[in-house]
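What follows is a set of notes on a single structure, which appears directly below.
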Amino acid sequence: MAWLVMIASLILVTWIVSLFTILILSFFPFTNHRAAPLRKRNNVLLVIAHPDDESMFFTPTINFLTSRRHNVQVLCLSIDGKGNIRKKELFQACVALKVPMQQVKIVNHPDLQDGFGKVWNHSLLANIIEEQITSHCINMIITFDNYGVSGHCNHRDVHYGVRQLLYDTLQKDIDVWELVSTNILRKYSGPIDIWLTMIWAMLHSSGTIQYFVNEHPRRSYRAMAQHASQWVWFRKLFVTLSSYTYVNTLRKIQH
Ligand SMILES: *[C@@H]1O[C@H](CO)[C@@H](O)[C@H](O)[C@H]1NC(C)=O
């Protein structure tokens, strides 16, 4: 019993120390970048599967990019039955994250419906993404990796759609980064994951791994709250416990 209390206290203390570290880092944002490609201003396309993916998984990255005045476009590839409500919520969440509404595109295609077991056509995805790249002079893409954080098949299909695009069109001048999926312990370690992320990044050659500590955690929380139809207690819990609220690790896709 005493052991249990000790371990629980240790976790709690580490949690609090980590959270404070993030808050301190957010006052010194210049410490938070290692990537050469991010020194110039980019036209970035964030490709997601569902409205709320941006708030649940990508906010450390979005906050980093918008606060450095990169031009961020969001491409959301599906919308569910409550179409108009979800659309409005996504627009509001993006505005909370400092991405103007005009830079958010939501695709509503009969072959791209939200849900498990719905296989999305990778060539179709590639075509839609390519259209967006051309019309906004995109030079950087950010998306899910082949596990898609939660293992959701739509997330994974989005990854393969981007891969298909790279395969089809040999876009050599576009940098493509994927959000690294971590194991379940790290995924729910909240702010504590910043330490593991830093160590993990150190073990990899720089240039292929990039991590962003969230500079505006409150902004992330506000963005998630815009998804009112989804904002139930277990999501609040997820956002608080999820390491993706505090830090993102991106891996460069070699192509
Ligand atoms: C996938 O999409 C492409 C492009 O839109 C189309 O040509 C192809 O027939 C589709 N494949 C299937 C299996 O539906």
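Every chain in the structure tokens takes a letter, A first, then B, and so on in the order presented; its residues are numbered from 1, and the ligands are numbered from 1 following the presented order.
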
Would you mind listing, for every residue of region 125-216 of chain A within 7 Å of region 57-71 of chain A, the two atoms forming the shortest contact and the distance between them in Å to one decimal, using only C-alpha atoms, sorted by chain and ascending residue number, as CSV?
```
residue,atom,partner,partner_atom,distance
A:Phe212,CA,A:Pro60,CA,5.8
A:Val213,CA,A:Pro60,CA,5.9
A:Asn214,CA,A:Pro60,CA,4.1
A:Glu215,CA,A:Asn63,CA,6.6
A:His216,CA,A:Asn63,CA,6.6
```

Pull N, CA, C and O atoms from the residues just selected and write them as a PDB file, in the first residue's frame.
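out_31.pdb, written as the output of this step:
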```
ATOM      1  N   PHE A 212       7.567  19.560 -31.164  1.00  0.00           N
ATOM      2  CA  PHE A 212       7.032  20.864 -30.764  1.00  0.00           C
ATOM      3  C   PHE A 212       6.352  20.728 -29.419  1.00  0.00           C
ATOM      4  O   PHE A 212       5.427  19.937 -29.268  1.00  0.00           O
ATOM      5  N   VAL A 213       6.839  21.489 -28.451  1.00  0.00           N
ATOM      6  CA  VAL A 213       6.162  21.564 -27.158  1.00  0.00           C
ATOM      7  C   VAL A 213       5.076  22.626 -27.301  1.00  0.00           C
ATOM      8  O   VAL A 213       5.306  23.675 -27.921  1.00  0.00           O
ATOM      9  N   ASN A 214       3.902  22.349 -26.769  1.00  0.00           N
ATOM     10  CA  ASN A 214       2.786  23.275 -26.947  1.00  0.00           C
ATOM     11  C   ASN A 214       3.056  24.613 -26.255  1.00  0.00           C
ATOM     12  O   ASN A 214       3.277  24.663 -25.045  1.00  0.00           O
ATOM     13  N   GLU A 215       3.044  25.674 -27.031  1.00  0.00           N
ATOM     14  CA  GLU A 215       3.303  26.995 -26.472  1.00  0.00           C
ATOM     15  C   GLU A 215       2.039  27.657 -25.941  1.00  0.00           C
ATOM     16  O   GLU A 215       2.108  28.673 -25.264  1.00  0.00           O
ATOM     17  N   HIS A 216       0.890  27.114 -26.300  1.00  0.00           N
ATOM     18  CA  HIS A 216      -0.383  27.701 -25.852  1.00  0.00           C
ATOM     19  C   HIS A 216      -1.362  26.599 -25.467  1.00  0.00           C
ATOM     20  O   HIS A 216      -2.369  26.406 -26.156  1.00  0.00           O
TER      21      HIS A 216
END
```

Can you list, as a ChimeraX atom specification, all residues belonging to region 165-252 of chain A that DSSP tags as strand (DSSP E or B)? /A:175-179,206,209-213,247-252

Give the residues close to ligand 1, within 7 Å, counting only C-alpha atoms and all ligand atoms; write them as a VMD selection string. chain A and resid 121 to 124 127

Residue contacts of region 93-101 of chain A (9 Å, only C-alpha atoms) excluding same-chain residues fewer than 2 positions away, as a PDB file with all heavy atoms, in the first residue's frame:
```
ATOM      1  N   ASP A  52     -12.105  17.801 -35.658  1.00  0.00           N
ATOM      2  CA  ASP A  52     -11.602  17.622 -34.274  1.00  0.00           C
ATOM      3  C   ASP A  52     -10.254  16.895 -34.197  1.00  0.00           C
ATOM      4  O   ASP A  52      -9.604  16.939 -33.166  1.00  0.00           O
ATOM      5  CB  ASP A  52     -12.615  17.029 -33.271  1.00  0.00           C
ATOM      6  CG  ASP A  52     -12.828  15.506 -33.346  1.00  0.00           C
ATOM      7  OD1 ASP A  52     -12.105  14.847 -34.090  1.00  0.00           O
ATOM      8  OD2 ASP A  52     -13.719  15.022 -32.650  1.00  0.00           O
ATOM      9  N   GLU A  54      -7.637  17.977 -35.625  1.00  0.00           N
ATOM     10  CA  GLU A  54      -6.686  19.091 -35.443  1.00  0.00           C
ATOM     11  C   GLU A  54      -6.558  19.452 -33.963  1.00  0.00           C
ATOM     12  O   GLU A  54      -5.457  19.658 -33.464  1.00  0.00           O
ATOM     13  CB  GLU A  54      -7.086  20.294 -36.315  1.00  0.00           C
ATOM     14  CG  GLU A  54      -8.190  21.225 -35.804  1.00  0.00           C
ATOM     15  CD  GLU A  54      -9.535  20.528 -35.548  1.00  0.00           C
ATOM     16  OE1 GLU A  54      -9.804  19.490 -36.163  1.00  0.00           O
ATOM     17  OE2 GLU A  54     -10.311  21.040 -34.724  1.00  0.00           O
ATOM     18  N   SER A  55      -7.672  19.464 -33.227  1.00  0.00           N
ATOM     19  CA  SER A  55      -7.652  19.862 -31.817  1.00  0.00           C
ATOM     20  C   SER A  55      -7.194  18.731 -30.901  1.00  0.00           C
ATOM     21  O   SER A  55      -6.601  18.974 -29.861  1.00  0.00           O
ATOM     22  CB  SER A  55      -9.035  20.319 -31.372  1.00  0.00           C
ATOM     23  OG  SER A  55      -9.503  21.353 -32.187  1.00  0.00           O
ATOM     24  N   THR A  59      -2.458  20.197 -32.034  1.00  0.00           N
ATOM     25  CA  THR A  59      -2.375  21.609 -31.616  1.00  0.00           C
ATOM     26  C   THR A  59      -0.958  22.095 -31.275  1.00  0.00           C
ATOM     27  O   THR A  59      -0.664  23.250 -31.566  1.00  0.00           O
ATOM     28  CB  THR A  59      -3.331  21.945 -30.454  1.00  0.00           C
ATOM     29  OG1 THR A  59      -2.999  21.146 -29.334  1.00  0.00           O
ATOM     30  CG2 THR A  59      -4.768  21.738 -30.844  1.00  0.00           C
ATOM     31  N   ILE A  62       0.281  23.142 -34.675  1.00  0.00           N
ATOM     32  CA  ILE A  62      -0.430  24.297 -35.226  1.00  0.00           C
ATOM     33  C   ILE A  62      -0.027  25.565 -34.476  1.00  0.00           C
ATOM     34  O   ILE A  62       0.249  26.601 -35.085  1.00  0.00           O
ATOM     35  CB  ILE A  62      -1.961  24.100 -35.163  1.00  0.00           C
ATOM     36  CG1 ILE A  62      -2.376  22.867 -35.977  1.00  0.00           C
ATOM     37  CG2 ILE A  62      -2.694  25.338 -35.687  1.00  0.00           C
ATOM     38  CD1 ILE A  62      -3.844  22.493 -35.826  1.00  0.00           C
ATOM     39  N   ASN A  63       0.031  25.482 -33.143  1.00  0.00           N
ATOM     40  CA  ASN A  63       0.410  26.665 -32.350  1.00  0.00           C
ATOM     41  C   ASN A  63       1.813  27.145 -32.696  1.00  0.00           C
ATOM     42  O   ASN A  63       2.062  28.347 -32.777  1.00  0.00           O
ATOM     43  CB  ASN A  63       0.321  26.354 -30.854  1.00  0.00           C
ATOM     44  CG  ASN A  63      -1.122  26.290 -30.382  1.00  0.00           C
ATOM     45  OD1 ASN A  63      -2.025  26.826 -31.017  1.00  0.00           O
ATOM     46  ND2 ASN A  63      -1.340  25.620 -29.267  1.00  0.00           N
ATOM     47  N   THR A  66       1.525  28.786 -36.398  1.00  0.00           N
ATOM     48  CA  THR A  66       0.803  30.053 -36.526  1.00  0.00           C
ATOM     49  C   THR A  66       1.514  31.167 -35.756  1.00  0.00           C
ATOM     50  O   THR A  66       1.523  32.308 -36.203  1.00  0.00           O
ATOM     51  CB  THR A  66      -0.657  29.948 -36.033  1.00  0.00           C
ATOM     52  OG1 THR A  66      -0.642  29.440 -34.705  1.00  0.00           O
ATOM     53  CG2 THR A  66      -1.475  29.037 -36.912  1.00  0.00           C
ATOM     54  N   SER A  67       2.133  30.837 -34.622  1.00  0.00           N
ATOM     55  CA  SER A  67       2.790  31.913 -33.876  1.00  0.00           C
ATOM     56  C   SER A  67       4.048  32.382 -34.596  1.00  0.00           C
ATOM     57  O   SER A  67       4.564  33.455 -34.303  1.00  0.00           O
ATOM     58  CB  SER A  67       3.103  31.480 -32.445  1.00  0.00           C
ATOM     59  OG  SER A  67       4.016  30.421 -32.463  1.00  0.00           O
ATOM     60  N   ASN A  71       1.922  30.052 -43.060  1.00  0.00           N
ATOM     61  CA  ASN A  71       0.574  30.058 -43.583  1.00  0.00           C
ATOM     62  C   ASN A  71       0.020  28.629 -43.491  1.00  0.00           C
ATOM     63  O   ASN A  71       0.500  27.739 -44.180  1.00  0.00           O
ATOM     64  CB  ASN A  71       0.648  30.561 -45.029  1.00  0.00           C
ATOM     65  CG  ASN A  71      -0.674  30.522 -45.723  1.00  0.00           C
ATOM     66  OD1 ASN A  71      -1.720  30.388 -45.090  1.00  0.00           O
ATOM     67  ND2 ASN A  71      -0.645  30.611 -47.034  1.00  0.00           N
ATOM     68  N   VAL A  72      -0.935  28.424 -42.614  1.00  0.00           N
ATOM     69  CA  VAL A  72      -1.445  27.067 -42.383  1.00  0.00           C
ATOM     70  C   VAL A  72      -2.808  26.890 -43.047  1.00  0.00           C
ATOM     71  O   VAL A  72      -3.727  27.672 -42.817  1.00  0.00           O
ATOM     72  CB  VAL A  72      -1.569  26.760 -40.873  1.00  0.00           C
ATOM     73  CG1 VAL A  72      -2.120  25.351 -40.645  1.00  0.00           C
ATOM     74  CG2 VAL A  72      -0.224  26.922 -40.174  1.00  0.00           C
ATOM     75  N   GLN A  73      -2.909  25.855 -43.886  1.00  0.00           N
ATOM     76  CA  GLN A  73      -4.184  25.462 -44.483  1.00  0.00           C
ATOM     77  C   GLN A  73      -4.585  24.139 -43.862  1.00  0.00           C
ATOM     78  O   GLN A  73      -3.732  23.279 -43.645  1.00  0.00           O
ATOM     79  CB  GLN A  73      -4.032  25.233 -45.993  1.00  0.00           C
ATOM     80  CG  GLN A  73      -3.467  26.398 -46.781  1.00  0.00           C
ATOM     81  CD  GLN A  73      -4.528  27.421 -47.147  1.00  0.00           C
ATOM     82  OE1 GLN A  73      -5.716  27.089 -47.233  1.00  0.00           O
ATOM     83  NE2 GLN A  73      -4.106  28.647 -47.365  1.00  0.00           N
ATOM     84  N   VAL A  74      -5.865  23.972 -43.583  1.00  0.00           N
ATOM     85  CA  VAL A  74      -6.338  22.702 -43.037  1.00  0.00           C
ATOM     86  C   VAL A  74      -7.237  22.043 -44.075  1.00  0.00           C
ATOM     87  O   VAL A  74      -8.138  22.679 -44.616  1.00  0.00           O
ATOM     88  CB  VAL A  74      -7.106  22.915 -41.715  1.00  0.00           C
ATOM     89  CG1 VAL A  74      -7.687  21.595 -41.211  1.00  0.00           C
ATOM     90  CG2 VAL A  74      -6.202  23.536 -40.655  1.00  0.00           C
ATOM     91  N   LYS A  88     -19.223  23.906 -38.733  1.00  0.00           N
ATOM     92  CA  LYS A  88     -19.133  25.154 -37.984  1.00  0.00           C
ATOM     93  C   LYS A  88     -18.144  25.011 -36.825  1.00  0.00           C
ATOM     94  O   LYS A  88     -17.334  25.899 -36.563  1.00  0.00           O
ATOM     95  CB  LYS A  88     -20.534  25.532 -37.471  1.00  0.00           C
ATOM     96  CG  LYS A  88     -20.678  26.981 -37.129  1.00  0.00           C
ATOM     97  CD  LYS A  88     -22.137  27.332 -36.810  1.00  0.00           C
ATOM     98  CE  LYS A  88     -22.215  28.046 -35.488  1.00  0.00           C
ATOM     99  NZ  LYS A  88     -23.175  27.490 -34.538  1.00  0.00           N
ATOM    100  N   GLU A  89     -18.224  23.858 -36.173  1.00  0.00           N
ATOM    101  CA  GLU A  89     -17.321  23.623 -35.038  1.00  0.00           C
ATOM    102  C   GLU A  89     -15.863  23.609 -35.482  1.00  0.00           C
ATOM    103  O   GLU A  89     -14.988  24.160 -34.799  1.00  0.00           O
ATOM    104  CB  GLU A  89     -17.671  22.304 -34.345  1.00  0.00           C
ATOM    105  CG  GLU A  89     -18.993  22.358 -33.595  1.00  0.00           C
ATOM    106  CD  GLU A  89     -19.470  21.006 -33.091  1.00  0.00           C
ATOM    107  OE1 GLU A  89     -18.844  19.968 -33.433  1.00  0.00           O
ATOM    108  OE2 GLU A  89     -20.482  20.974 -32.371  1.00  0.00           O
ATOM    109  N   LEU A  90     -15.616  22.984 -36.620  1.00  0.00           N
ATOM    110  CA  LEU A  90     -14.226  22.938 -37.112  1.00  0.00           C
ATOM    111  C   LEU A  90     -13.723  24.348 -37.430  1.00  0.00           C
ATOM    112  O   LEU A  90     -12.599  24.709 -37.083  1.00  0.00           O
ATOM    113  CB  LEU A  90     -14.114  22.038 -38.346  1.00  0.00           C
ATOM    114  CG  LEU A  90     -12.730  21.992 -39.001  1.00  0.00           C
ATOM    115  CD1 LEU A  90     -11.654  21.524 -38.020  1.00  0.00           C
ATOM    116  CD2 LEU A  90     -12.720  21.079 -40.222  1.00  0.00           C
ATOM    117  N   PHE A  91     -14.572  25.139 -38.083  1.00  0.00           N
ATOM    118  CA  PHE A  91     -14.171  26.519 -38.385  1.00  0.00           C
ATOM    119  C   PHE A  91     -13.832  27.271 -37.103  1.00  0.00           C
ATOM    120  O   PHE A  91     -12.804  27.941 -37.007  1.00  0.00           O
ATOM    121  CB  PHE A  91     -15.293  27.267 -39.118  1.00  0.00           C
ATOM    122  CG  PHE A  91     -15.473  26.838 -40.556  1.00  0.00           C
ATOM    123  CD1 PHE A  91     -16.746  26.717 -41.111  1.00  0.00           C
ATOM    124  CD2 PHE A  91     -14.373  26.582 -41.365  1.00  0.00           C
ATOM    125  CE1 PHE A  91     -16.916  26.329 -42.439  1.00  0.00           C
ATOM    126  CE2 PHE A  91     -14.527  26.196 -42.693  1.00  0.00           C
ATOM    127  CZ  PHE A  91     -15.806  26.064 -43.231  1.00  0.00           C
ATOM    128  N   GLN A 103      -9.017  29.453 -44.615  1.00  0.00           N
ATOM    129  CA  GLN A 103      -7.910  28.523 -44.843  1.00  0.00           C
ATOM    130  C   GLN A 103      -8.259  27.093 -44.424  1.00  0.00           C
ATOM    131  O   GLN A 103      -7.388  26.253 -44.292  1.00  0.00           O
ATOM    132  CB  GLN A 103      -6.657  29.028 -44.118  1.00  0.00           C
ATOM    133  CG  GLN A 103      -6.123  30.278 -44.779  1.00  0.00           C
ATOM    134  CD  GLN A 103      -5.047  30.995 -43.981  1.00  0.00           C
ATOM    135  OE1 GLN A 103      -4.957  32.218 -44.033  1.00  0.00           O
ATOM    136  NE2 GLN A 103      -4.232  30.252 -43.255  1.00  0.00           N
ATOM    137  N   VAL A 104      -9.554  26.879 -44.223  1.00  0.00           N
ATOM    138  CA  VAL A 104     -10.003  25.542 -43.834  1.00  0.00           C
ATOM    139  C   VAL A 104     -10.900  24.997 -44.937  1.00  0.00           C
ATOM    140  O   VAL A 104     -11.866  25.639 -45.333  1.00  0.00           O
ATOM    141  CB  VAL A 104     -10.806  25.594 -42.516  1.00  0.00           C
ATOM    142  CG1 VAL A 104     -11.230  24.192 -42.100  1.00  0.00           C
ATOM    143  CG2 VAL A 104      -9.976  26.258 -41.423  1.00  0.00           C
ATOM    144  N   LYS A 105     -10.559  23.814 -45.434  1.00  0.00           N
ATOM    145  CA  LYS A 105     -11.374  23.205 -46.486  1.00  0.00           C
ATOM    146  C   LYS A 105     -11.899  21.871 -45.985  1.00  0.00           C
ATOM    147  O   LYS A 105     -11.142  21.043 -45.471  1.00  0.00           O
ATOM    148  CB  LYS A 105     -10.495  23.037 -47.726  1.00  0.00           C
ATOM    149  CG  LYS A 105     -11.003  22.039 -48.714  1.00  0.00           C
ATOM    150  CD  LYS A 105     -11.439  22.693 -49.994  1.00  0.00           C
ATOM    151  CE  LYS A 105     -11.884  21.633 -50.995  1.00  0.00           C
ATOM    152  NZ  LYS A 105     -12.838  22.118 -51.947  1.00  0.00           N
ATOM    153  N   ARG A 219      -4.987  27.484 -25.419  1.00  0.00           N
ATOM    154  CA  ARG A 219      -5.579  27.656 -26.745  1.00  0.00           C
ATOM    155  C   ARG A 219      -6.069  26.295 -27.266  1.00  0.00           C
ATOM    156  O   ARG A 219      -7.130  26.199 -27.887  1.00  0.00           O
ATOM    157  CB  ARG A 219      -4.503  28.211 -27.675  1.00  0.00           C
ATOM    158  CG  ARG A 219      -5.030  29.089 -28.766  1.00  0.00           C
ATOM    159  CD  ARG A 219      -3.909  29.572 -29.641  1.00  0.00           C
ATOM    160  NE  ARG A 219      -3.350  30.846 -29.235  1.00  0.00           N
ATOM    161  CZ  ARG A 219      -2.325  31.434 -29.850  1.00  0.00           C
ATOM    162  NH1 ARG A 219      -1.733  30.843 -30.882  1.00  0.00           N
ATOM    163  NH2 ARG A 219      -1.879  32.595 -29.447  1.00  0.00           N
ATOM    164  N   SER A 220      -5.308  25.250 -27.006  1.00  0.00           N
ATOM    165  CA  SER A 220      -5.690  23.897 -27.449  1.00  0.00           C
ATOM    166  C   SER A 220      -6.992  23.486 -26.787  1.00  0.00           C
ATOM    167  O   SER A 220      -7.882  22.909 -27.423  1.00  0.00           O
ATOM    168  CB  SER A 220      -4.611  22.882 -27.064  1.00  0.00           C
ATOM    169  OG  SER A 220      -3.374  23.304 -27.524  1.00  0.00           O
ATOM    170  N   ARG A 222      -9.276  25.431 -25.580  1.00  0.00           N
ATOM    171  CA  ARG A 222     -10.359  26.256 -26.120  1.00  0.00           C
ATOM    172  C   ARG A 222     -10.789  25.731 -27.490  1.00  0.00           C
ATOM    173  O   ARG A 222     -11.981  25.689 -27.807  1.00  0.00           O
ATOM    174  CB  ARG A 222      -9.878  27.708 -26.241  1.00  0.00           C
ATOM    175  CG  ARG A 222     -10.922  28.724 -25.798  1.00  0.00           C
ATOM    176  CD  ARG A 222     -10.380  30.153 -25.902  1.00  0.00           C
ATOM    177  NE  ARG A 222      -9.214  30.369 -25.085  1.00  0.00           N
ATOM    178  CZ  ARG A 222      -8.125  31.057 -25.468  1.00  0.00           C
ATOM    179  NH1 ARG A 222      -8.047  31.571 -26.683  1.00  0.00           N
ATOM    180  NH2 ARG A 222      -7.105  31.224 -24.660  1.00  0.00           N
ATOM    181  N   ALA A 223      -9.829  25.318 -28.296  1.00  0.00           N
ATOM    182  CA  ALA A 223     -10.145  24.803 -29.624  1.00  0.00           C
ATOM    183  C   ALA A 223     -10.994  23.543 -29.503  1.00  0.00           C
ATOM    184  O   ALA A 223     -12.013  23.399 -30.185  1.00  0.00           O
ATOM    185  CB  ALA A 223      -8.862  24.515 -30.394  1.00  0.00           C
ATOM    186  N   MET A 224     -10.588  22.645 -28.613  1.00  0.00           N
ATOM    187  CA  MET A 224     -11.344  21.406 -28.425  1.00  0.00           C
ATOM    188  C   MET A 224     -12.762  21.707 -27.960  1.00  0.00           C
ATOM    189  O   MET A 224     -13.722  21.061 -28.393  1.00  0.00           O
ATOM    190  CB  MET A 224     -10.613  20.538 -27.399  1.00  0.00           C
ATOM    191  CG  MET A 224     -11.109  19.123 -27.338  1.00  0.00           C
ATOM    192  SD  MET A 224     -10.880  18.231 -28.878  1.00  0.00           S
ATOM    193  CE  MET A 224     -12.489  17.491 -29.091  1.00  0.00           C
ATOM    194  N   ALA A 225     -12.902  22.703 -27.103  1.00  0.00           N
ATOM    195  CA  ALA A 225     -14.218  23.045 -26.573  1.00  0.00           C
ATOM    196  C   ALA A 225     -15.163  23.579 -27.661  1.00  0.00           C
ATOM    197  O   ALA A 225     -16.381  23.566 -27.479  1.00  0.00           O
ATOM    198  CB  ALA A 225     -14.078  24.063 -25.447  1.00  0.00           C
ATOM    199  N   GLN A 226     -14.601  24.027 -28.789  1.00  0.00           N
ATOM    200  CA  GLN A 226     -15.460  24.495 -29.882  1.00  0.00           C
ATOM    201  C   GLN A 226     -16.234  23.334 -30.514  1.00  0.00           C
ATOM    202  O   GLN A 226     -17.245  23.541 -31.156  1.00  0.00           O
ATOM    203  CB  GLN A 226     -14.640  25.191 -30.979  1.00  0.00           C
ATOM    204  CG  GLN A 226     -13.838  26.387 -30.516  1.00  0.00           C
ATOM    205  CD  GLN A 226     -14.680  27.414 -29.800  1.00  0.00           C
ATOM    206  OE1 GLN A 226     -15.755  27.774 -30.261  1.00  0.00           O
ATOM    207  NE2 GLN A 226     -14.201  27.866 -28.651  1.00  0.00           N
ATOM    208  N   HIS A 227     -15.697  22.131 -30.364  1.00  0.00           N
ATOM    209  CA  HIS A 227     -16.398  20.970 -30.909  1.00  0.00           C
ATOM    210  C   HIS A 227     -17.473  20.552 -29.906  1.00  0.00           C
ATOM    211  O   HIS A 227     -17.414  19.456 -29.333  1.00  0.00           O
ATOM    212  CB  HIS A 227     -15.407  19.836 -31.179  1.00  0.00           C
ATOM    213  CG  HIS A 227     -14.419  20.158 -32.261  1.00  0.00           C
ATOM    214  ND1 HIS A 227     -14.735  20.081 -33.601  1.00  0.00           N
ATOM    215  CD2 HIS A 227     -13.150  20.610 -32.208  1.00  0.00           C
ATOM    216  CE1 HIS A 227     -13.691  20.437 -34.321  1.00  0.00           C
ATOM    217  NE2 HIS A 227     -12.712  20.768 -33.508  1.00  0.00           N
TER     218      HIS A 227
END
```

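For Ile22 (chain A), the list of residues within 9 Å, based on only C-alpha atoms and with local chain neighbours fewer than 4 positions off taken out, reads Val17, Ser18, Ser26, Phe27, Pro191, Ile194, Val213, Asn214, Glu215, Pro217 and Tyr246 of chain A.
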
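Taking only C-alpha atoms into account, Asp157 (chain A) lies nearest to A:Thr143 out of the set A:Asn84, A:Thr14, A:Ser189, A:Thr143.
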
Under the rule that only C-alpha atoms are counted, which of A:Asp173, A:Glu178, A:Asp168, A:Glu131 is the nearest residue to Val107 (chain A)?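 The closest residue to Val107 (chain A) is A:Glu131.
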